[in-house]
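Structure file target.cif (mmCIF, C-alpha atoms) is printed below.
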```cif
data_coords
#
loop_
_atom_site.label_atom_id
_atom_site.label_comp_id
_atom_site.auth_asym_id
_atom_site.auth_seq_id
_atom_site.Cartn_x
_atom_site.Cartn_y
_atom_site.Cartn_z
CA MET R 681 37.95 5.82 27.98
CA LYS R 682 36.94 2.36 29.21
CA SER R 683 33.48 3.65 30.13
CA ILE R 684 33.00 5.06 26.60
CA ILE R 685 34.04 1.76 25.03
CA ALA R 686 31.75 -0.13 27.39
CA ALA R 687 28.86 2.21 26.62
CA ASN R 688 29.35 1.75 22.87
CA PHE R 689 29.52 -2.02 23.33
CA GLY R 690 26.34 -1.98 25.42
CA VAL R 691 24.42 0.04 22.84
CA ARG R 692 25.60 -2.29 20.07
CA CYS R 693 24.44 -5.32 22.07
CA ILE R 694 21.02 -3.71 22.56
CA LEU R 695 20.80 -2.86 18.86
CA LEU R 696 21.83 -6.39 17.94
CA LEU R 697 19.08 -7.87 20.11
CA SER R 698 16.59 -5.34 18.70
CA LEU R 699 17.42 -6.32 15.14
CA LEU R 700 17.27 -10.04 15.88
CA ILE R 701 13.94 -9.81 17.73
CA PHE R 702 12.47 -7.41 15.17
CA GLY R 703 13.54 -9.73 12.36
CA PHE R 704 12.06 -12.72 14.19
CA GLN R 705 8.71 -11.04 14.79
CA ILE R 706 8.54 -9.99 11.13
CA SER R 707 9.25 -13.52 9.86
CA SER R 708 6.99 -15.25 12.35
CA ALA R 709 4.04 -12.82 12.26
CA ASP R 710 3.02 -13.44 8.67
CA ASP R 711 4.54 -15.59 5.93
CA GLU R 712 3.11 -13.19 3.34
CA ILE R 713 4.32 -10.00 4.97
CA HIS R 714 6.40 -9.05 1.92
CA GLY R 715 3.51 -9.57 -0.52
CA ASP R 716 2.44 -7.20 -3.30
CA ASN R 717 -0.86 -5.31 -3.00
CA ILE R 718 -2.79 -3.97 -5.98
CA VAL R 719 -6.04 -2.01 -5.89
CA VAL R 720 -7.61 -1.54 -9.32
CA ILE R 721 -9.96 1.44 -9.61
CA LEU R 722 -12.21 0.75 -12.57
CA ASP R 723 -14.25 3.51 -14.20
CA ALA R 724 -17.79 2.24 -14.91
CA SER R 725 -19.18 5.62 -15.96
CA GLY R 726 -21.67 5.83 -18.81
CA SER R 727 -19.05 6.61 -21.47
CA MET R 728 -17.31 3.28 -20.85
CA GLN R 729 -20.15 1.55 -22.74
CA ASP R 730 -19.08 3.36 -25.93
CA THR R 731 -16.83 1.67 -28.46
CA PHE R 732 -13.29 2.86 -29.22
CA SER R 733 -13.14 5.71 -31.73
CA GLY R 734 -10.76 3.72 -33.94
CA ASP R 735 -12.07 0.21 -33.23
CA ARG R 736 -15.82 -0.52 -33.15
CA THR R 737 -15.48 -4.21 -32.30
CA LYS R 738 -15.61 -3.80 -28.52
CA SER R 739 -16.85 -1.28 -26.00
CA LYS R 740 -14.28 0.29 -23.71
CA MET R 741 -15.74 -1.59 -20.74
CA GLU R 742 -15.61 -4.93 -22.57
CA ALA R 743 -11.98 -4.29 -23.46
CA ALA R 744 -11.13 -3.23 -19.90
CA LYS R 745 -12.72 -6.36 -18.47
CA ALA R 746 -10.89 -8.60 -20.96
CA ALA R 747 -7.56 -6.91 -20.23
CA LEU R 748 -7.95 -7.10 -16.43
CA GLN R 749 -9.02 -10.75 -16.61
CA GLU R 750 -6.10 -11.74 -18.83
CA VAL R 751 -3.44 -9.97 -16.79
CA LEU R 752 -4.70 -10.32 -13.21
CA ALA R 753 -5.28 -14.05 -13.64
CA LYS R 754 -1.55 -14.40 -14.31
CA VAL R 755 -0.14 -12.38 -11.40
CA PRO R 756 1.49 -14.47 -8.63
CA ASP R 757 -0.97 -16.22 -6.35
CA ASP R 758 0.47 -14.53 -3.26
CA THR R 759 -0.46 -11.08 -4.62
CA ARG R 760 -3.32 -9.36 -2.80
CA ILE R 761 -5.80 -7.83 -5.25
CA GLY R 762 -8.70 -5.45 -4.75
CA LEU R 763 -11.18 -4.23 -7.38
CA LEU R 764 -12.91 -0.93 -6.63
CA VAL R 765 -15.62 0.19 -9.09
CA PHE R 766 -17.38 3.53 -9.32
CA SER R 767 -20.64 4.42 -11.10
CA GLY R 768 -21.73 0.94 -12.19
CA THR R 769 -25.52 0.86 -12.38
CA ASN R 770 -25.69 -2.61 -10.81
CA ILE R 771 -23.02 -2.13 -8.15
CA ARG R 772 -24.25 -2.30 -4.55
CA ASN R 773 -20.82 -2.63 -2.96
CA GLU R 774 -18.06 -0.52 -4.53
CA TRP R 775 -15.55 -3.19 -3.47
CA VAL R 776 -16.66 -5.81 -5.97
CA TYR R 777 -13.53 -7.73 -4.96
CA PRO R 778 -12.21 -6.61 -1.54
CA LEU R 779 -8.44 -6.40 -1.21
CA GLY R 780 -7.25 -9.85 -0.27
CA ALA R 781 -5.80 -13.14 -1.49
CA LYS R 782 -6.30 -13.93 -5.15
CA ASP R 783 -9.14 -16.33 -5.90
CA THR R 784 -9.06 -16.46 -9.69
CA GLN R 785 -12.64 -17.61 -10.24
CA LYS R 786 -14.16 -15.05 -7.85
CA LEU R 787 -11.89 -12.33 -9.24
CA ILE R 788 -12.96 -13.01 -12.83
CA ALA R 789 -16.62 -12.95 -11.80
CA ALA R 790 -16.07 -9.60 -10.06
CA ILE R 791 -14.29 -8.14 -13.09
CA HIS R 792 -17.26 -8.97 -15.37
CA LEU R 793 -19.90 -7.66 -12.96
CA PRO R 794 -20.03 -3.85 -13.58
CA VAL R 795 -22.56 -2.34 -15.99
CA PRO R 796 -21.57 1.22 -17.05
CA GLY R 797 -23.63 4.22 -16.03
CA GLY R 798 -23.22 7.50 -14.15
CA GLY R 799 -20.45 10.03 -13.64
CA THR R 800 -16.73 9.93 -12.83
CA PRO R 801 -16.08 10.63 -9.12
CA LEU R 802 -12.44 9.54 -9.38
CA GLY R 803 -11.11 11.68 -6.53
CA LYS R 804 -13.40 10.07 -3.97
CA TYR R 805 -12.34 6.59 -5.01
CA LEU R 806 -8.65 7.43 -5.07
CA ARG R 807 -8.99 8.23 -1.36
CA ILE R 808 -10.97 5.05 -0.63
CA GLY R 809 -8.46 2.84 -2.43
CA ALA R 810 -5.46 4.55 -0.88
CA ASN R 811 -6.80 4.27 2.66
CA ARG R 812 -7.41 0.55 2.20
CA LEU R 813 -3.78 0.12 1.09
CA LEU R 814 -2.59 2.09 4.11
CA GLU R 815 -4.56 -0.22 6.40
CA GLN R 816 -2.92 -3.22 4.76
CA ARG R 817 0.54 -1.66 4.97
CA GLU R 818 0.03 -1.19 8.71
CA LYS R 819 -0.61 -4.92 9.06
CA GLN R 820 2.48 -5.76 6.98
CA TYR R 821 4.82 -3.56 9.06
CA ASN R 822 5.42 -1.34 5.98
CA TYR R 823 6.87 -4.27 4.03
CA GLY R 824 5.69 -5.23 0.53
CA THR R 825 4.54 -3.10 -2.40
CA TYR R 826 1.39 -0.97 -2.66
CA ARG R 827 -0.16 0.44 -5.83
CA LEU R 828 -3.31 1.93 -7.24
CA LEU R 829 -4.08 1.10 -10.88
CA VAL R 830 -6.67 3.48 -12.37
CA VAL R 831 -8.47 2.55 -15.59
CA THR R 832 -10.61 5.46 -16.81
CA ASP R 833 -11.84 7.04 -20.04
CA GLY R 834 -12.62 10.58 -18.94
CA GLU R 835 -11.79 13.49 -16.72
CA ALA R 836 -13.02 13.32 -13.14
CA SER R 837 -16.30 14.98 -12.23
CA ASP R 838 -14.67 15.86 -8.88
CA ALA R 839 -11.45 17.34 -10.24
CA SER R 840 -10.84 19.39 -7.08
CA LYS R 841 -10.75 16.19 -5.02
CA VAL R 842 -8.36 14.55 -7.47
CA LYS R 843 -6.01 17.53 -7.15
CA HIS R 844 -6.32 17.46 -3.37
CA TYR R 845 -5.94 13.72 -2.72
CA THR R 846 -3.33 12.76 -5.32
CA PRO R 847 -0.36 14.57 -3.70
CA GLU R 848 -1.34 13.18 -0.29
CA ILE R 849 -1.43 9.65 -1.68
CA LEU R 850 1.95 10.03 -3.36
CA ASN R 851 3.42 11.55 -0.18
CA GLN R 852 2.35 8.38 1.62
CA GLN R 853 4.62 6.50 -0.83
CA LEU R 854 1.78 4.66 -2.51
CA ARG R 855 2.25 4.16 -6.23
CA ILE R 856 -0.37 5.44 -8.70
CA ASP R 857 -0.53 4.15 -12.28
CA VAL R 858 -3.16 5.48 -14.69
CA ILE R 859 -4.42 4.17 -18.02
CA GLY R 860 -6.35 6.66 -20.16
CA VAL R 861 -8.78 4.65 -22.30
CA ASP R 862 -9.35 6.19 -25.74
CA MET R 863 -9.03 9.76 -24.47
CA LYS R 864 -8.65 12.64 -26.94
CA THR R 865 -6.18 14.36 -24.62
CA ASP R 866 -4.04 13.12 -21.75
CA HIS R 867 -5.76 12.75 -18.39
CA MET R 868 -5.24 15.48 -15.79
CA LEU R 869 -3.17 12.96 -13.78
CA ALA R 870 -0.82 12.19 -16.68
CA LYS R 871 2.05 14.37 -15.47
CA VAL R 872 1.76 13.90 -11.71
CA VAL R 873 1.38 10.14 -11.15
CA ASP R 874 4.09 7.46 -11.22
CA SER R 875 3.14 6.27 -14.70
CA TYR R 876 0.56 7.10 -17.36
CA ARG R 877 -0.33 5.20 -20.53
CA ASN R 878 -2.81 5.80 -23.31
CA ALA R 879 -4.86 2.90 -24.65
CA ASP R 880 -6.63 3.73 -27.90
CA ASN R 881 -7.72 0.18 -28.76
CA PRO R 882 -8.28 -3.15 -26.98
CA GLY R 883 -4.78 -4.43 -27.75
CA GLU R 884 -3.11 -1.35 -26.29
CA LEU R 885 -5.25 -1.70 -23.17
CA VAL R 886 -4.03 -5.26 -22.55
CA ALA R 887 -0.45 -4.15 -23.17
CA ALA R 888 -0.77 -1.19 -20.78
CA VAL R 889 -2.15 -3.31 -17.92
CA SER R 890 0.54 -5.95 -18.53
CA GLN R 891 3.38 -3.43 -18.53
CA ILE R 892 2.22 -1.74 -15.34
CA LEU R 893 1.75 -4.93 -13.34
CA ALA R 894 5.09 -6.26 -14.58
CA GLU R 895 6.81 -3.38 -12.78
CA THR R 896 7.29 -4.71 -9.27
CA GLY R 897 9.86 -3.99 -6.59
CA ASP R 898 10.53 -4.89 -2.98
CA THR R 899 10.14 -2.02 -0.55
CA GLY R 900 11.00 -4.11 2.48
CA THR R 901 14.30 -4.73 4.21
CA ASP R 902 15.39 -8.06 5.64
CA VAL R 903 17.85 -8.50 8.48
CA GLY R 904 20.08 -11.59 8.29
CA GLY R 905 20.86 -12.88 11.76
CA GLU R 906 24.22 -14.43 10.89
CA ASP R 907 25.76 -11.17 9.67
CA VAL R 908 23.85 -8.63 11.73
CA PHE R 909 26.58 -7.94 14.33
CA GLU R 910 29.15 -7.37 11.60
CA TYR R 911 26.63 -5.04 9.95
CA ILE R 912 26.15 -2.80 13.00
CA THR R 913 29.80 -2.79 14.22
CA PRO R 914 30.82 0.39 12.30
CA LEU R 915 27.88 2.40 13.67
CA SER R 916 28.57 5.34 15.93
CA TYR R 917 27.01 5.63 19.40
CA GLU R 918 24.57 8.31 18.18
CA ILE R 919 23.43 6.36 15.11
CA ALA R 920 23.02 3.13 17.07
CA THR R 921 20.91 4.91 19.70
CA ASP R 922 18.72 6.46 17.00
CA LEU R 923 18.19 3.06 15.38
CA ILE R 924 17.09 1.55 18.69
CA GLN R 925 14.46 4.27 19.07
CA LYS R 926 13.16 3.67 15.55
CA LEU R 927 13.05 -0.11 15.96
CA THR R 928 10.98 0.12 19.13
CA LYS R 929 8.49 2.61 17.69
CA PRO R 930 5.41 1.06 15.97
CA PRO R 931 4.87 2.06 12.31
CA SER R 932 2.12 4.58 11.60
CA ASN R 933 -0.05 4.76 8.48
CA THR R 934 -2.46 7.64 8.94
CA ALA R 935 -5.54 7.54 6.72
CA ILE R 936 -6.11 10.34 4.22
CA ALA R 937 -8.71 12.74 5.61
CA VAL R 938 -11.97 13.47 3.83
CA MET R 939 -12.17 16.90 2.23
CA LYS R 940 -14.54 19.32 3.97
CA SER R 941 -16.67 19.45 0.84
CA GLU R 942 -17.30 15.71 1.19
CA GLN R 943 -18.46 15.99 4.79
CA ALA R 944 -22.06 16.44 3.79
CA THR R 945 -23.75 14.39 6.50
CA PRO R 946 -22.91 13.53 10.12
CA SER R 947 -22.80 9.84 9.18
CA GLN R 948 -19.66 10.37 7.12
CA PRO R 949 -16.24 10.19 8.85
CA THR R 950 -14.88 13.66 9.50
CA THR R 951 -11.41 12.86 10.81
CA PRO R 952 -8.49 10.75 9.58
CA ARG R 953 -8.53 7.15 10.75
CA LYS R 954 -5.64 7.26 13.19
CA LEU R 955 -5.09 3.84 14.70
CA THR R 956 -4.82 3.79 18.47
CA HIS R 957 -2.11 1.78 20.22
CA GLN R 958 -4.72 -0.80 21.19
CA GLN R 959 -5.93 -1.13 17.61
CA ARG R 960 -2.37 -1.58 16.39
CA ASP R 961 -1.88 -4.28 18.99
CA ASP R 962 -5.06 -6.09 17.89
CA ASP R 963 -4.35 -5.83 14.15
CA SER R 964 -0.66 -6.63 13.96
CA GLY R 965 0.41 -8.16 17.26
CA TRP R 966 3.01 -5.41 17.58
CA GLY R 967 2.20 -4.69 21.22
CA LYS R 968 2.88 -8.26 22.38
CA ASN R 969 6.20 -8.42 20.52
CA THR R 970 7.25 -4.97 21.67
CA THR R 971 6.62 -5.94 25.31
CA TRP R 972 9.12 -8.79 25.06
CA LEU R 973 11.56 -6.54 23.24
CA VAL R 974 11.41 -3.92 25.99
CA ILE R 975 11.86 -6.57 28.71
CA ILE R 976 14.97 -7.96 27.02
CA LEU R 977 16.38 -4.46 26.45
CA VAL R 978 15.90 -3.61 30.14
CA VAL R 979 17.67 -6.81 31.20
CA VAL R 980 20.60 -6.06 28.88
CA VAL R 981 20.87 -2.48 30.14
CA ILE R 982 20.84 -3.61 33.79
CA GLY R 983 23.47 -6.23 33.04
CA PHE R 984 25.62 -3.66 31.30
CA LEU R 985 25.36 -1.21 34.22
CA VAL R 986 26.34 -3.94 36.72
CA PHE R 987 29.26 -4.89 34.53
CA ARG R 988 30.44 -1.25 34.28
CA ASN R 989 30.18 -0.68 38.05
CA ARG R 990 32.32 -3.73 38.73
CA LYS R 991 34.97 -2.27 36.41
#
```
Spell out the structure here as structure tokens.
Amino acid sequence: MKSIIAANFGVRCILLLSLLIFGFQISSADDEIHGDNIVVILDASGSMQDTFSGDRTKSKMEAAKAALQEVLAKVPDDTRIGLLVFSGTNIRNEWVYPLGAKDTQKLIAAIHLPVPGGGTPLGKYLRIGANRLLEQREKQYNYGTYRLLVVTDGEASDASKVKHYTPEILNQQLRIDVIGVDMKTDHMLAKVVDSYRNADNPGELVAAVSQILAETGDTGTDVGGEDVFEYITPLSYEIATDLIQKLTKPPSNTAIAVMKSEQATPSQPTTPRKLTHQQRDDDSGWGKNTTWLVIILVVVVIGFLVFRNRK
């Protein structure tokens, strides 16, 4: 009986140290680790240069730019923003504003850059945007919020890719919000994404962007050192052991693989971007922190075994 009690006490001590060290490495690794991340996918296809069917004062692209500028300029400064544009005739780099800290002046300049022209390869860009968010989530230890905001006025020219990638993105717990700009019927994503809104005039477009970006939530979990032992006291031996294993295992955010139909040339990536342990160590510092965690756990276990043998 004494050995069982001692074993439970030892596991709880190990779990306590794990929680404290894990909480310390989270707080010390990055002050912005809980930050929000938004990737806007903007449709710059040829039809976006047309005016609204019920409002001829602005083109759909002009209205989209005005709405994004008004709303994104007001989001908190610690929000990471990325602007991904497809089909713009003057776009050399699809990431007109790479996902990162908000610089309002540079962001506004990027928003007003695209000139409409071309098709609507939405599926391809859903994958690109999602994989960039997964990379960022890896660096933030799975803390923070991650969303794709799609602004488009037509059905995708690569509908099969949209159908293929969308469930994978949602299964990775990334949020997808879609705004259908002056569309006669709802977009094919309307019933499968987290939220869908129609915008039939410039005012509705501003309102839709505002409403979507106002919906935020914390997906992280903080551990308070002063109450942590009281928190773990009721845990059973099995649950405590399982928690230790999870705490000492690095998070994994596997990139969404390219469809076979997209693998047209050898220069394109043909496999998911699976981070190696070394890459995780370089990107997040996890390896260094985990080493110290393991050392401390070993010392505690040895101390516990010595203590039990003396009993």
I need the output of the PyMOL selection byres ((chain R and resi 733-741) around 12) for this file as a compact mmCIF listing (two decimals) with C-alpha atoms, in the frame of the given file; which residues are they?
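Generated output (out27.txt):
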```
# COMPACT_ATOMS: atom_id res chain seq x y z
CA LEU R 722 -12.21 0.75 -12.57
CA ASP R 723 -14.25 3.51 -14.20
CA ALA R 724 -17.79 2.24 -14.91
CA SER R 725 -19.18 5.62 -15.96
CA GLY R 726 -21.67 5.83 -18.81
CA SER R 727 -19.05 6.61 -21.47
CA MET R 728 -17.31 3.28 -20.85
CA GLN R 729 -20.15 1.55 -22.74
CA ASP R 730 -19.08 3.36 -25.93
CA THR R 731 -16.83 1.67 -28.46
CA PHE R 732 -13.29 2.86 -29.22
CA GLU R 742 -15.61 -4.93 -22.57
CA ALA R 743 -11.98 -4.29 -23.46
CA ALA R 744 -11.13 -3.23 -19.90
CA LYS R 745 -12.72 -6.36 -18.47
CA ALA R 746 -10.89 -8.60 -20.96
CA ALA R 747 -7.56 -6.91 -20.23
CA LEU R 748 -7.95 -7.10 -16.43
CA VAL R 765 -15.62 0.19 -9.09
CA GLY R 768 -21.73 0.94 -12.19
CA ILE R 791 -14.29 -8.14 -13.09
CA HIS R 792 -17.26 -8.97 -15.37
CA LEU R 793 -19.90 -7.66 -12.96
CA PRO R 794 -20.03 -3.85 -13.58
CA VAL R 795 -22.56 -2.34 -15.99
CA PRO R 796 -21.57 1.22 -17.05
CA GLY R 797 -23.63 4.22 -16.03
CA VAL R 831 -8.47 2.55 -15.59
CA THR R 832 -10.61 5.46 -16.81
CA ASP R 833 -11.84 7.04 -20.04
CA GLY R 834 -12.62 10.58 -18.94
CA GLY R 860 -6.35 6.66 -20.16
CA VAL R 861 -8.78 4.65 -22.30
CA ASP R 862 -9.35 6.19 -25.74
CA MET R 863 -9.03 9.76 -24.47
CA LYS R 864 -8.65 12.64 -26.94
CA ALA R 879 -4.86 2.90 -24.65
CA ASP R 880 -6.63 3.73 -27.90
CA ASN R 881 -7.72 0.18 -28.76
CA PRO R 882 -8.28 -3.15 -26.98
CA GLY R 883 -4.78 -4.43 -27.75
CA GLU R 884 -3.11 -1.35 -26.29
CA LEU R 885 -5.25 -1.70 -23.17
CA VAL R 886 -4.03 -5.26 -22.55
```
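The space between CA of Thr865 (chain R) and CA of Ala810 (chain R) spans 25.7 Å.
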Which one is closest to Ile849 (chain R): R:Ala789, R:Val720, R:Leu752, R:Val873? Count only C-alpha atoms. R:Val873
Between CA of Ala935 (chain R) and CA of Glu848 (chain R) lies a distance of 9.9 Å
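One distance worth recording is that between CA of Gln785 (chain R) and CA of Leu829 (chain R), which is 20.6 Å.
Taking only C-alpha atoms into account, Gln816 (chain R) lies nearest to R:Gly780 out of the set R:Gln852, R:Gly780, R:Ala887, R:Met868.
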9 Å contact set for Leu814 (chain R), all atoms listed in the file, chain neighbours under 2 positions out, as a ChimeraX atom specification: /R:809-812,816-819,822,826,852,854,933-936
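The residue set within 8 Å of Asn717 (chain R), counting only C-alpha atoms and dropping same-chain residues fewer than 5 places from it, reads R:Thr759, R:Arg760, R:Ile761, R:Leu779, R:Leu813, R:Gly824, R:Thr825, R:Tyr826, R:Arg827.
Proximity ranking of R:Lys843, R:Arg855, R:Arg807, R:Arg772 relative to Ile892 (chain R) places R:Arg855 first, based on all atoms listed in the file.
Considering only C-alpha atoms, the residue among R:Ala836, R:Ile713, R:Val719, R:Ala937 positioned nearest to Ser767 (chain R) is R:Ala836.
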For Asp857 (chain R), work out the shell of residues within 7 Å, counting all atoms listed in the file and skipping chain neighbours fewer than 3 positions away, then give it as an MDAnalysis selection string. chainID R and resid 828:830 873:876
I need the chosen residues saved as a PDB file, in the frame of the given file, with C-alpha atoms.
```
ATOM      1  CA  LEU R 828      -3.310   1.930  -7.240  1.00  0.00           C
ATOM      2  CA  LEU R 829      -4.080   1.100 -10.880  1.00  0.00           C
ATOM      3  CA  VAL R 830      -6.670   3.480 -12.370  1.00  0.00           C
ATOM      4  CA  VAL R 873       1.380  10.140 -11.150  1.00  0.00           C
ATOM      5  CA  ASP R 874       4.090   7.460 -11.220  1.00  0.00           C
ATOM      6  CA  SER R 875       3.140   6.270 -14.700  1.00  0.00           C
ATOM      7  CA  TYR R 876       0.560   7.100 -17.360  1.00  0.00           C
TER       8      TYR R 876
END
```
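In this comparison, which uses all atoms listed in the file, the residue of R:Lys786, R:Lys841, R:His867, R:Lys940 approaching Ala753 (chain R) most closely is R:Lys786.
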